[in-house]
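Trainee: For reference, this is data_16.txt, and it has compact mmCIF, C-alpha atoms and all ligand atoms.
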# COMPACT_ATOMS: atom_id res chain seq x y z
CA MET X 1 29.63 233.92 165.77
CA SER X 2 28.61 236.42 168.47
CA THR X 3 30.81 237.37 171.41
CA VAL X 4 29.56 237.40 175.02
CA LEU X 5 30.93 239.78 177.65
CA VAL X 6 30.45 238.37 181.16
CA THR X 7 30.55 241.13 183.76
CA GLY X 8 29.73 241.56 187.43
CA ILE X 9 32.32 238.95 188.53
CA ALA X 10 33.34 239.97 192.05
CA GLU X 11 36.12 237.38 192.10
CA LEU X 12 37.38 235.33 189.17
CA VAL X 13 39.50 232.22 189.73
CA THR X 14 41.45 231.67 186.50
CA ASN X 15 44.02 229.06 187.68
CA ASP X 16 46.46 230.96 185.49
CA ALA X 17 49.28 232.19 187.71
CA ASN X 18 50.19 234.80 185.07
CA LEU X 19 46.85 236.50 185.63
CA GLY X 20 45.61 238.47 188.60
CA ASP X 21 47.18 238.21 192.03
CA GLY X 22 50.06 235.88 191.11
CA SER X 23 48.79 233.03 193.30
CA PRO X 24 48.19 229.56 191.78
CA LEU X 25 44.47 230.45 191.56
CA GLY X 26 45.27 233.52 189.44
CA ILE X 27 42.52 235.58 191.05
CA VAL X 28 41.22 238.69 189.30
CA ALA X 29 38.96 240.94 191.38
CA ASP X 30 36.08 242.80 189.67
CA ALA X 31 36.72 240.81 186.53
CA ALA X 32 35.19 240.29 183.12
CA LEU X 33 35.48 237.60 180.46
CA VAL X 34 34.79 237.62 176.76
CA LEU X 35 33.61 234.29 175.35
CA GLU X 36 33.62 233.45 171.67
CA ALA X 37 32.85 230.17 169.90
CA GLY X 38 32.88 228.25 173.17
CA ARG X 39 36.29 229.59 174.26
CA VAL X 40 37.67 232.34 176.47
CA ALA X 41 38.73 235.13 174.12
CA TRP X 42 39.67 237.77 176.72
CA VAL X 43 40.00 237.88 180.52
CA GLY X 44 40.95 240.72 182.86
CA PRO X 45 39.71 243.60 185.01
CA ALA X 46 36.20 244.76 184.08
CA THR X 47 37.46 248.32 183.66
CA GLN X 48 39.59 247.19 180.70
CA ALA X 49 37.05 244.88 179.06
CA PRO X 50 36.46 245.22 175.31
CA ASP X 51 32.94 245.48 173.96
CA ALA X 52 30.98 242.45 172.79
CA ASP X 53 27.74 241.56 171.01
CA ILE X 54 25.93 240.30 174.13
CA ARG X 55 26.41 241.24 177.79
CA HIS X 56 25.74 238.88 180.70
CA ASP X 57 25.87 240.45 184.18
CA LEU X 58 26.56 238.18 187.16
CA ALA X 59 25.78 240.88 189.73
CA GLY X 60 28.72 240.38 192.08
CA ARG X 61 29.03 236.59 192.10
CA ALA X 62 32.31 234.65 192.08
CA VAL X 63 33.29 232.53 189.06
CA ILE X 64 35.67 229.58 188.99
CA PRO X 65 36.59 227.17 186.17
CA GLY X 66 33.94 224.44 185.92
CA PHE X 67 34.84 221.48 188.13
CA VAL X 68 36.71 218.64 186.41
CA ASP X 69 35.37 215.45 187.99
CA SER X 70 38.05 213.04 186.78
CA HIS X 71 36.67 209.87 188.40
CA SER X 72 33.10 208.58 188.26
CA HIS X 73 31.13 205.40 187.68
CA LEU X 74 27.83 206.75 186.37
CA VAL X 75 26.65 203.86 184.19
CA PHE X 76 24.74 201.52 186.50
CA ALA X 77 21.30 200.41 187.60
CA GLY X 78 20.03 199.31 191.00
CA ASP X 79 20.42 200.65 194.50
CA ARG X 80 22.70 199.78 197.43
CA ALA X 81 21.19 201.88 200.20
CA ARG X 82 20.91 198.81 202.42
CA GLU X 83 24.59 198.02 201.95
CA PHE X 84 25.35 201.60 202.99
CA GLU X 85 23.16 201.20 206.04
CA ALA X 86 24.92 197.96 207.00
CA ARG X 87 28.28 199.70 206.62
CA MET X 88 27.21 202.49 208.92
CA THR X 89 26.36 199.88 211.53
CA GLY X 90 29.65 198.02 211.32
CA THR X 91 30.00 195.92 208.14
CA PRO X 92 33.30 196.90 206.43
CA TYR X 93 33.53 197.60 202.67
CA ASP X 94 35.45 195.00 200.63
CA GLY X 95 34.14 195.47 197.08
CA GLY X 96 31.75 192.52 197.34
CA GLY X 97 28.68 194.70 196.80
CA ILE X 98 29.81 195.48 193.25
CA ALA X 99 28.20 192.16 192.22
CA THR X 100 24.78 193.55 193.19
CA THR X 101 25.20 196.48 190.84
CA VAL X 102 26.55 194.24 188.08
CA ALA X 103 23.40 192.08 188.19
CA ALA X 104 21.09 195.12 188.10
CA THR X 105 23.08 196.78 185.31
CA ARG X 106 23.05 193.70 183.09
CA ALA X 107 19.27 193.44 183.53
CA ALA X 108 18.62 197.10 182.63
CA SER X 109 17.59 198.31 179.18
CA ASP X 110 19.84 200.60 177.14
CA GLU X 111 17.23 203.34 177.55
CA LEU X 112 17.18 203.07 181.33
CA LEU X 113 20.98 203.08 181.61
CA LEU X 114 21.29 206.13 179.39
CA ALA X 115 18.46 207.98 181.17
CA ARG X 116 20.00 207.33 184.59
CA THR X 117 23.45 208.35 183.39
CA ARG X 118 22.09 211.56 181.90
CA ALA X 119 20.25 212.32 185.16
CA LEU X 120 23.51 212.06 187.12
CA VAL X 121 25.29 214.28 184.60
CA ALA X 122 22.52 216.85 185.03
CA GLU X 123 23.02 216.69 188.82
CA MET X 124 26.72 217.32 188.30
CA ARG X 125 26.20 220.29 186.00
CA ALA X 126 23.73 221.78 188.44
CA GLN X 127 26.59 221.76 190.98
CA GLY X 128 29.23 223.33 188.75
CA THR X 129 30.84 220.32 187.07
CA THR X 130 31.58 220.79 183.36
CA THR X 131 34.03 217.97 182.57
CA ILE X 132 33.56 214.35 183.66
CA GLU X 133 35.30 211.03 183.28
CA VAL X 134 32.98 208.00 183.27
CA LYS X 135 34.03 204.37 183.72
CA SER X 136 32.50 201.08 182.72
CA GLY X 137 32.88 198.25 185.23
CA TYR X 138 29.35 197.15 186.09
CA GLY X 139 28.85 195.02 182.97
CA LEU X 140 31.78 192.56 183.15
CA THR X 141 30.78 190.69 179.98
CA VAL X 142 32.03 191.66 176.53
CA ALA X 143 28.61 192.94 175.48
CA ASP X 144 27.76 194.67 178.77
CA GLU X 145 31.11 196.45 179.08
CA ALA X 146 30.95 197.66 175.48
CA ARG X 147 27.37 198.82 176.08
CA SER X 148 28.38 200.71 179.23
CA LEU X 149 31.10 202.52 177.28
CA ARG X 150 28.70 203.41 174.48
CA VAL X 151 26.39 204.93 177.09
CA ALA X 152 29.32 206.76 178.71
CA GLY X 153 30.32 208.07 175.29
CA GLU X 154 26.92 209.76 174.99
CA VAL X 155 27.82 212.09 177.88
CA THR X 156 31.62 212.52 177.71
CA GLY X 157 34.75 211.93 175.65
CA GLU X 158 36.58 210.85 178.82
CA THR X 159 35.50 207.21 178.80
CA THR X 160 37.36 204.54 180.76
CA PHE X 161 37.36 200.77 180.26
CA LEU X 162 37.17 199.16 183.72
CA GLY X 163 36.47 195.54 182.82
CA ALA X 164 39.02 194.77 185.55
CA HIS X 165 36.78 196.14 188.29
CA VAL X 166 36.24 192.77 189.99
CA VAL X 167 36.23 189.11 188.97
CA PRO X 168 32.50 188.52 188.36
CA ALA X 169 30.62 186.06 190.53
CA GLY X 170 31.12 182.48 189.35
CA ALA X 171 33.97 183.30 186.94
CA ASP X 172 37.41 181.69 187.04
CA ARG X 173 40.02 184.37 187.78
CA ALA X 174 42.51 183.30 185.07
CA ASP X 175 39.76 182.92 182.47
CA TYR X 176 38.33 186.32 183.33
CA LEU X 177 41.74 188.02 183.03
CA ALA X 178 42.18 186.41 179.61
CA LEU X 179 38.76 187.76 178.61
CA VAL X 180 39.48 191.30 179.89
CA THR X 181 42.85 191.49 178.15
CA GLY X 182 41.56 189.79 174.99
CA PRO X 183 38.08 189.90 173.47
CA MET X 184 36.61 192.37 175.99
CA LEU X 185 39.44 194.86 175.44
CA ALA X 186 39.08 194.47 171.68
CA ALA X 187 35.34 195.24 171.88
CA CYS X 188 35.78 198.12 174.32
CA ALA X 189 38.91 199.92 173.10
CA PRO X 190 37.09 201.68 170.21
CA HIS X 191 34.74 203.27 172.79
CA ALA X 192 37.32 204.23 175.42
CA ARG X 193 40.16 206.71 175.93
CA TRP X 194 41.45 205.19 179.17
CA VAL X 195 42.04 201.79 180.77
CA ASP X 196 41.68 201.38 184.55
CA VAL X 197 42.01 198.52 187.05
CA PHE X 198 40.94 198.03 190.67
CA CYS X 199 44.37 197.06 192.03
CA GLU X 200 43.72 195.93 195.59
CA PRO X 201 45.34 192.76 196.91
CA ALA X 202 43.36 193.17 200.15
CA SER X 203 40.09 192.47 198.30
CA LYS X 204 39.50 188.94 197.06
CA HIS X 205 37.26 190.44 194.37
CA ALA X 206 39.84 192.85 192.89
CA PHE X 207 43.28 192.42 191.27
CA ASP X 208 46.84 192.13 192.60
CA GLY X 209 49.85 193.98 191.20
CA ASP X 210 50.79 191.38 188.58
CA GLU X 211 47.21 191.06 187.37
CA ALA X 212 46.83 194.84 187.25
CA ARG X 213 50.05 195.14 185.23
CA ARG X 214 48.70 192.64 182.68
CA VAL X 215 45.45 194.57 182.32
CA LEU X 216 47.14 197.93 181.93
CA THR X 217 49.86 196.81 179.50
CA ALA X 218 47.24 195.11 177.34
CA GLY X 219 45.18 198.32 177.38
CA ILE X 220 48.22 200.43 176.49
CA ALA X 221 49.02 198.08 173.60
CA ALA X 222 45.44 198.61 172.38
CA GLY X 223 45.99 202.38 172.34
CA LEU X 224 44.41 203.29 175.69
CA LEU X 225 45.96 205.51 178.35
CA PRO X 226 46.36 204.02 181.83
CA ARG X 227 44.90 205.12 185.18
CA VAL X 228 44.63 203.09 188.37
CA HIS X 229 42.37 202.52 191.38
CA GLY X 230 45.10 201.98 193.96
CA ASN X 231 45.76 201.83 197.69
CA GLN X 232 42.09 202.23 198.64
CA LEU X 233 41.71 199.51 201.26
CA SER X 234 45.37 198.83 202.12
CA ALA X 235 48.91 199.78 201.15
CA GLY X 236 49.67 197.87 197.96
CA PRO X 237 51.38 198.00 194.60
CA GLY X 238 48.89 200.35 192.87
CA VAL X 239 50.74 203.64 193.26
CA ARG X 240 54.12 202.25 192.19
CA LEU X 241 52.57 200.48 189.21
CA ALA X 242 50.80 203.68 188.13
CA VAL X 243 54.04 205.65 188.31
CA GLU X 244 56.01 202.94 186.50
CA LEU X 245 53.49 202.90 183.62
CA SER X 246 53.18 206.73 183.54
CA ALA X 247 49.49 206.62 184.38
CA ALA X 248 47.90 210.06 184.31
CA SER X 249 46.46 209.42 187.75
CA VAL X 250 46.33 206.96 190.61
CA ASP X 251 43.08 207.30 192.49
CA HIS X 252 42.07 206.79 196.14
CA CYS X 253 45.60 206.74 197.71
CA THR X 254 44.06 206.21 201.12
CA TYR X 255 46.89 203.97 202.39
CA LEU X 256 50.36 205.08 201.28
CA THR X 257 53.86 204.08 202.36
CA GLU X 258 56.83 206.45 202.37
CA SER X 259 58.07 204.91 199.13
CA ASP X 260 54.66 205.49 197.52
CA VAL X 261 54.88 209.17 198.46
CA GLU X 262 58.43 209.39 197.11
CA ALA X 263 57.30 207.80 193.86
CA LEU X 264 54.45 210.29 193.53
CA VAL X 265 56.77 213.23 194.23
CA GLY X 266 59.15 212.01 191.53
CA ALA X 267 56.24 211.60 189.09
CA ALA X 268 54.71 215.06 189.62
CA PRO X 269 53.28 216.36 186.32
CA GLN X 270 55.54 218.32 183.98
CA PRO X 271 54.61 221.32 181.81
CA ASP X 272 53.90 218.91 178.92
CA ARG X 273 51.29 217.25 181.23
CA SER X 274 53.20 213.95 181.50
CA GLY X 275 53.51 212.54 185.02
CA THR X 276 51.13 211.08 187.57
CA VAL X 277 48.79 212.92 189.93
CA ALA X 278 47.24 211.41 193.03
CA THR X 279 43.47 211.79 192.88
CA LEU X 280 41.85 211.86 196.31
CA LEU X 281 38.19 210.90 196.69
CA PRO X 282 37.17 211.98 200.19
CA GLY X 283 33.50 211.24 199.53
CA VAL X 284 34.52 207.57 199.64
CA GLU X 285 36.08 207.87 203.08
CA PHE X 286 32.98 209.76 204.22
CA SER X 287 30.58 207.12 202.86
CA THR X 288 32.61 204.10 203.96
CA ARG X 289 33.59 205.64 207.31
CA SER X 290 37.27 205.12 206.54
CA PRO X 291 40.29 207.21 207.53
CA TYR X 292 40.95 210.10 205.15
CA PRO X 293 44.27 210.32 203.30
CA ASP X 294 46.59 212.99 204.70
CA ALA X 295 46.39 215.49 201.87
CA ARG X 296 48.32 218.05 203.90
CA ALA X 297 51.32 215.74 204.21
CA LEU X 298 51.14 214.85 200.52
CA LEU X 299 51.05 218.49 199.43
CA ASP X 300 53.88 219.38 201.79
CA ALA X 301 55.95 216.53 200.34
CA GLY X 302 55.38 217.86 196.79
CA VAL X 303 52.69 215.48 195.48
CA VAL X 304 50.30 217.04 192.95
CA LEU X 305 46.68 216.31 193.91
CA ALA X 306 43.36 216.16 192.12
CA LEU X 307 39.97 215.85 193.81
CA ALA X 308 37.02 213.94 192.33
CA THR X 309 33.73 212.43 193.49
CA ASP X 310 34.07 208.74 192.49
CA CYS X 311 30.26 208.94 192.18
CA ASN X 312 29.13 205.29 192.28
CA PRO X 313 26.36 203.30 193.95
CA GLY X 314 28.67 201.53 196.41
CA THR X 315 31.35 203.61 198.07
CA CYS X 316 30.18 207.15 197.37
CA PHE X 317 26.79 208.02 195.94
CA THR X 318 27.27 211.75 195.62
CA SER X 319 27.94 213.74 192.47
CA SER X 320 28.78 216.92 194.38
CA MET X 321 32.20 218.45 193.82
CA PRO X 322 31.37 221.24 196.32
CA LEU X 323 30.90 218.55 198.99
CA VAL X 324 34.25 217.01 197.99
CA VAL X 325 35.94 220.41 198.31
CA ALA X 326 34.39 220.94 201.74
CA LEU X 327 35.53 217.49 202.92
CA ALA X 328 39.03 218.05 201.55
CA VAL X 329 39.32 221.26 203.55
CA ARG X 330 37.69 220.08 206.76
CA GLU X 331 38.97 216.50 206.89
CA MET X 332 42.21 216.37 204.89
CA GLY X 333 43.94 219.61 205.81
CA MET X 334 43.77 221.33 202.43
CA SER X 335 43.28 225.09 202.27
CA PRO X 336 40.19 226.24 200.37
CA ALA X 337 42.49 227.51 197.60
CA GLU X 338 44.32 224.18 197.34
CA ALA X 339 41.05 222.25 197.24
CA VAL X 340 39.50 224.43 194.54
CA TRP X 341 42.69 224.14 192.46
CA ALA X 342 42.72 220.33 192.86
CA ALA X 343 39.03 220.08 191.87
CA THR X 344 39.62 222.08 188.68
CA ALA X 345 43.24 222.33 187.46
CA GLY X 346 44.17 219.10 189.26
CA GLY X 347 41.33 217.23 187.59
CA ALA X 348 42.46 218.56 184.21
CA LEU X 349 45.96 217.17 184.85
CA ALA X 350 44.41 213.83 185.85
CA LEU X 351 42.81 213.76 182.39
CA ARG X 352 45.86 215.24 180.61
CA ARG X 353 43.73 218.14 179.38
CA ASN X 354 44.90 221.73 178.97
CA ASP X 355 41.66 223.15 177.59
CA VAL X 356 39.73 222.78 180.87
CA GLY X 357 40.44 223.48 184.55
CA HIS X 358 41.51 227.07 183.89
CA LEU X 359 40.06 230.24 182.38
CA GLY X 360 43.03 231.67 180.52
CA VAL X 361 42.61 232.81 176.91
CA GLY X 362 41.91 229.78 174.72
CA ALA X 363 40.37 227.65 177.48
CA ARG X 364 36.93 226.18 176.98
CA ALA X 365 34.23 228.58 178.16
CA ASP X 366 33.34 226.27 181.06
CA LEU X 367 32.37 228.53 183.94
CA ALA X 368 31.00 227.64 187.35
CA VAL X 369 29.12 230.52 188.95
CA LEU X 370 28.90 230.71 192.74
CA GLU X 371 26.04 232.21 194.72
CA ALA X 372 28.80 233.76 196.80
CA PRO X 373 31.36 236.54 196.64
CA THR X 374 34.39 234.22 196.87
CA TYR X 375 35.52 230.63 196.16
CA ARG X 376 36.07 230.22 199.93
CA HIS X 377 32.33 229.74 200.37
CA LEU X 378 32.60 226.30 198.75
CA ALA X 379 34.14 225.05 202.00
CA TYR X 380 32.65 227.69 204.30
CA ARG X 381 29.05 226.80 203.35
CA PRO X 382 29.06 222.97 203.27
CA GLY X 383 26.01 221.31 201.81
CA MET X 384 24.65 224.49 200.28
CA PRO X 385 23.77 224.48 196.57
CA ILE X 386 25.89 227.51 195.72
CA ALA X 387 27.65 226.31 192.54
CA ARG X 388 26.19 225.83 189.04
CA ALA X 389 27.58 225.54 185.56
CA LEU X 390 26.84 228.69 183.56
CA ASP X 391 24.51 228.12 180.62
CA LEU X 392 24.70 230.96 178.13
O1 LIG W 1 36.01 203.52 193.23
N1 LIG W 1 37.10 200.64 194.17
C1 LIG W 1 36.39 200.19 193.33
N2 LIG W 1 35.37 200.75 192.70
C2 LIG W 1 34.52 201.76 193.23
C3 LIG W 1 33.43 201.21 194.06
C4 LIG W 1 32.50 200.41 193.30
C5 LIG W 1 31.33 199.89 194.07
O2 LIG W 1 31.42 199.56 195.27
O3 LIG W 1 30.29 199.77 193.41
C6 LIG W 1 35.31 202.83 193.92
O4 LIG W 1 35.28 202.98 195.14
FE FE W 2 36.16 204.46 191.53
Now that the file is in, can you turn its structure into structure tokens?

Mentor:
Amino acid sequence: MSTVLVTGIAELVTNDANLGDGSPLGIVADAALVLEAGRVAWVGPATQAPDADIRHDLAGRAVIPGFVDSHSHLVFAGDRAREFEARMTGTPYDGGGIATTVAATRAASDELLLARTRALVAEMRAQGTTTIEVKSGYGLTVADEARSLRVAGEVTGETTFLGAHVVPAGADRADYLALVTGPMLAACAPHARWVDVFCEPASKHAFDGDEARRVLTAGIAAGLLPRVHGNQLSAGPGVRLAVELSAASVDHCTYLTESDVEALVGAAPQPDRSGTVATLLPGVEFSTRSPYPDARALLDAGVVLALATDCNPGTCFTSSMPLVVALAVREMGMSPAEAVWAATAGGALALRRNDVGHLGVGARADLAVLEAPTYRHLAYRPGMPIARALDL
């Protein structure tokens, strides 16, 4: 197996506080990396770099760990541009449009679903994302949910069963919950790592706290790990339920009470990666014209944050982590360093992974190269295609 020496790194973000400048980003200036068998074998100042079989010169660019997009809904067909347009002219989002995507997804062939999913993954990689989580949730029958997870499994190991996305049109709520926690879970669990639920009492389409608890406990009993869509449209039980069940992450967190924040502070991840992070999805607030969560207040209180796209056809049809970083900085009060950390190391915590989200020795060789001298350009140059995953 040949070794690759990557040189010409003006600024390397390692997310390893033991490396470099001692900050959480672990920045090494004028750095080099040695990669071997898909892993980081050496990292440090270029002047001390060992020799390697192959050299790859980045000519003064910055390098960060590949983005970890810990929340996406990539397996779908159809288009909801008109719903977006209506929202921009005053119609509020309530989850009702999900039914449109469910109908289009059920009608699509396996080939089309896989091709569209792969195209979105390619978009993500072209913008620096190297790890993704992908949910089901637009099938909502036993066969269509299992199919969505098989498609998701073609592009990632981080697959999430979201049969409890909404109660499908025409279904009885109690019957559907019995299906999700029974035969649908049984068919989907072999294809999933995670179980998720849209816990949102303010939406008549989604699930309340008791229903969400049933879905998650059934998923846990089937061997899945819990995560939650919570507090997106109103303050509700999602955050407290996620903390109580030791979910890796509770996502959205747009409307939080003081007790939600306290619960998240108390659940901050531990060195063994247990605990619950709050994953913020500012592309959703952008695309639904909703108030942004106050990331500054959450960080100051001691909540650990991740950032993700939530790429989906309804509330946020972007796959761009650089856009998410820019929004987090401009609209939610995060510093560029905090946002880059949350989009990489934070995402890794949200997936309970320690092999991604950093570039210490032993990490996966997942590098995002920036057409820029520093990570700060991710927020400083919004909308510019400056990040890409490094293909060696
Ligand atoms: O994360 N909140 C629920 N699910 C998605 C939106 C799905 C849709 O509208 O198609 C979300 O925002
Ligand atoms: Fe989502």

Trainee: Which residues are near ligand FE 2 (chain W) - at most 8 Å, using all atoms listed in the file? Format: as an MDAnalysis selection string.

Mentor: chainID X and resid 71:73 229 251:252 310:312

Trainee: List the spatial neighbours of segment 110-121 of chain X as a ChimeraX atom specification - criterion: any atom at most 10 Å away, all atoms listed in the file, same-chain residues fewer than 2 positions off excluded.

Mentor: /X:73-77,105-108,123-127,129-132,134,147-148,150-152,154-156,311,318-319

Trainee: Out of X:Ala41, X:Leu256, X:Cys188, X:Leu233, which residue has the shortest atom-to-atom distance to ligand LIG 1 (chain W) when counting all atoms listed in the file?

Mentor: X:Leu233

Trainee: Enumerate, in order of chain and increasing residue number, the residues of chain X with an atom no farther than 7 Å from ligand LIG 1 (chain W), each with its shortest atom pair and distance in Å to one decimal, counting all atoms listed in the file, as JSON lines.

Mentor:
{"residue": "X:Gly95", "atom": "CA", "partner": "W:LIG1", "partner_atom": "O2", "distance": 5.2}
{"residue": "X:Gly97", "atom": "CA", "partner": "W:LIG1", "partner_atom": "O2", "distance": 5.8}
{"residue": "X:Ile98", "atom": "CA", "partner": "W:LIG1", "partner_atom": "O3", "distance": 4.3}
{"residue": "X:Thr101", "atom": "CA", "partner": "W:LIG1", "partner_atom": "O3", "distance": 6.6}
{"residue": "X:His165", "atom": "CA", "partner": "W:LIG1", "partner_atom": "C1", "distance": 6.5}
{"residue": "X:Phe198", "atom": "CA", "partner": "W:LIG1", "partner_atom": "C1", "distance": 5.7}
{"residue": "X:His229", "atom": "CA", "partner": "W:LIG1", "partner_atom": "N1", "distance": 6.3}
{"residue": "X:Gln232", "atom": "CA", "partner": "W:LIG1", "partner_atom": "N1", "distance": 6.9}
{"residue": "X:Val284", "atom": "CA", "partner": "W:LIG1", "partner_atom": "O4", "distance": 6.5}
{"residue": "X:Asp310", "atom": "CA", "partner": "W:LIG1", "partner_atom": "O1", "distance": 5.6}
{"residue": "X:Asn312", "atom": "CA", "partner": "W:LIG1", "partner_atom": "O3", "distance": 5.8}
{"residue": "X:Pro313", "atom": "CA", "partner": "W:LIG1", "partner_atom": "O3", "distance": 5.3}
{"residue": "X:Gly314", "atom": "CA", "partner": "W:LIG1", "partner_atom": "O2", "distance": 3.6}
{"residue": "X:Thr315", "atom": "CA", "partner": "W:LIG1", "partner_atom": "O2", "distance": 4.9}
{"residue": "X:Cys316", "atom": "CA", "partner": "W:LIG1", "partner_atom": "O4", "distance": 7.0}

Trainee: Got time to write the residues from that selection, C-alpha atoms, as a compact mmCIF listing (two decimals), keeping the file's coordinate frame?

Mentor:
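Done, and the output landed in again20.txt:
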# COMPACT_ATOMS: atom_id res chain seq x y z
CA GLY X 95 34.14 195.47 197.08
CA GLY X 97 28.68 194.70 196.80
CA ILE X 98 29.81 195.48 193.25
CA THR X 101 25.20 196.48 190.84
CA HIS X 165 36.78 196.14 188.29
CA PHE X 198 40.94 198.03 190.67
CA HIS X 229 42.37 202.52 191.38
CA GLN X 232 42.09 202.23 198.64
CA VAL X 284 34.52 207.57 199.64
CA ASP X 310 34.07 208.74 192.49
CA ASN X 312 29.13 205.29 192.28
CA PRO X 313 26.36 203.30 193.95
CA GLY X 314 28.67 201.53 196.41
CA THR X 315 31.35 203.61 198.07
CA CYS X 316 30.18 207.15 197.37

Trainee: Identify which of the residues X:Tyr93, X:Trp194, X:Phe317, X:Phe67 lies closest to Arg388 of chain X, counting all atoms listed in the file when measuring atom-to-atom distances.

Mentor: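 Smallest distance to Arg388 of chain X is found for X:Phe67.
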
Trainee: For Gly236 of chain X, list every protein, DNA or RNA residue within 10 Å, evaluated using all atoms listed in the file, and leave out those in the same chain fewer than 3 positions away; present the list as a ChimeraX atom specification.

Mentor: /X:199-202,208-209,230-233,239-241,253,255-257,260

Trainee: Please provide the set of residues having any atom within 6 Å of segment 137-143 of chain X, restricted to only C-alpha atoms, with same-chain residues fewer than 3 positions apart removed, written as a PDB file with C-alpha atoms, in the coordinates of the input.

Mentor:
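To be explicit, this is the file written out as around-v1.pdb:
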ATOM      1  CA  VAL X 102      26.550 194.240 188.080  1.00  0.00           C
ATOM      2  CA  ARG X 106      23.050 193.700 183.090  1.00  0.00           C
ATOM      3  CA  ALA X 146      30.950 197.660 175.480  1.00  0.00           C
ATOM      4  CA  LEU X 162      37.170 199.160 183.720  1.00  0.00           C
ATOM      5  CA  GLY X 163      36.470 195.540 182.820  1.00  0.00           C
ATOM      6  CA  HIS X 165      36.780 196.140 188.290  1.00  0.00           C
ATOM      7  CA  MET X 184      36.610 192.370 175.990  1.00  0.00           C
TER       8      MET X 184
END

Trainee: Using all atoms listed in the file, determine which residues lie at most 12 Å from Ala263 of chain X, disregarding the query and same-chain residues fewer than 6 positions distant; provide the list as a ChimeraX atom specification.

Mentor: /X:237-246,250,256-257,275-278,298,301-304

Trainee: Counting all atoms listed in the file, note down every residue that has an atom within 6 Å of the point (36.7, 193.1, 192.1) (file coordinates), as a ChimeraX atom specification.

Mentor: /X:165-167,205-206

Trainee: Since the input has fewer atoms than a full residue there, write segment 164-179 of chain X out with N, CA and C atoms, as a PDB file, in the coordinates of the input.

Mentor:
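As a result, result_13.pdb now contains:
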ATOM      1  N   ALA X 164      38.319 195.339 184.392  1.00  0.00           N
ATOM      2  CA  ALA X 164      39.020 194.770 185.550  1.00  0.00           C
ATOM      3  C   ALA X 164      38.602 195.507 186.821  1.00  0.00           C
ATOM      4  N   HIS X 165      37.302 195.548 187.054  1.00  0.00           N
ATOM      5  CA  HIS X 165      36.780 196.140 188.290  1.00  0.00           C
ATOM      6  C   HIS X 165      36.823 195.068 189.368  1.00  0.00           C
ATOM      7  N   VAL X 166      36.141 193.953 189.125  1.00  0.00           N
ATOM      8  CA  VAL X 166      36.240 192.770 189.990  1.00  0.00           C
ATOM      9  C   VAL X 166      36.122 191.534 189.093  1.00  0.00           C
ATOM     10  N   VAL X 167      36.509 190.379 189.642  1.00  0.00           N
ATOM     11  CA  VAL X 167      36.230 189.110 188.970  1.00  0.00           C
ATOM     12  C   VAL X 167      34.740 188.827 189.208  1.00  0.00           C
ATOM     13  N   PRO X 168      33.944 188.685 188.129  1.00  0.00           N
ATOM     14  CA  PRO X 168      32.500 188.520 188.360  1.00  0.00           C
ATOM     15  C   PRO X 168      32.172 187.208 189.070  1.00  0.00           C
ATOM     16  N   ALA X 169      31.045 187.234 189.770  1.00  0.00           N
ATOM     17  CA  ALA X 169      30.620 186.060 190.530  1.00  0.00           C
ATOM     18  C   ALA X 169      30.587 184.835 189.622  1.00  0.00           C
ATOM     19  N   GLY X 170      31.176 183.734 190.088  1.00  0.00           N
ATOM     20  CA  GLY X 170      31.120 182.480 189.350  1.00  0.00           C
ATOM     21  C   GLY X 170      32.193 182.333 188.288  1.00  0.00           C
ATOM     22  N   ALA X 171      32.955 183.397 187.998  1.00  0.00           N
ATOM     23  CA  ALA X 171      33.970 183.300 186.940  1.00  0.00           C
ATOM     24  C   ALA X 171      35.283 182.784 187.509  1.00  0.00           C
ATOM     25  N   ASP X 172      36.056 182.102 186.684  1.00  0.00           N
ATOM     26  CA  ASP X 172      37.410 181.690 187.040  1.00  0.00           C
ATOM     27  C   ASP X 172      38.335 182.894 186.829  1.00  0.00           C
ATOM     28  N   ARG X 173      39.190 183.160 187.807  1.00  0.00           N
ATOM     29  CA  ARG X 173      40.020 184.370 187.780  1.00  0.00           C
ATOM     30  C   ARG X 173      40.919 184.417 186.524  1.00  0.00           C
ATOM     31  N   ALA X 174      41.595 183.313 186.232  1.00  0.00           N
ATOM     32  CA  ALA X 174      42.510 183.300 185.070  1.00  0.00           C
ATOM     33  C   ALA X 174      41.726 183.468 183.769  1.00  0.00           C
ATOM     34  N   ASP X 175      40.586 182.799 183.684  1.00  0.00           N
ATOM     35  CA  ASP X 175      39.760 182.920 182.470  1.00  0.00           C
ATOM     36  C   ASP X 175      39.275 184.363 182.302  1.00  0.00           C
ATOM     37  N   TYR X 176      38.871 184.957 183.428  1.00  0.00           N
ATOM     38  CA  TYR X 176      38.330 186.320 183.330  1.00  0.00           C
ATOM     39  C   TYR X 176      39.431 187.303 182.896  1.00  0.00           C
ATOM     40  N   LEU X 177      40.640 187.135 183.447  1.00  0.00           N
ATOM     41  CA  LEU X 177      41.740 188.020 183.030  1.00  0.00           C
ATOM     42  C   LEU X 177      42.025 187.867 181.540  1.00  0.00           C
ATOM     43  N   ALA X 178      41.952 186.638 181.051  1.00  0.00           N
ATOM     44  CA  ALA X 178      42.180 186.410 179.610  1.00  0.00           C
ATOM     45  C   ALA X 178      41.089 187.106 178.792  1.00  0.00           C
ATOM     46  N   LEU X 179      39.872 187.081 179.306  1.00  0.00           N
ATOM     47  CA  LEU X 179      38.760 187.760 178.610  1.00  0.00           C
ATOM     48  C   LEU X 179      38.980 189.277 178.593  1.00  0.00           C
TER      49      LEU X 179
END
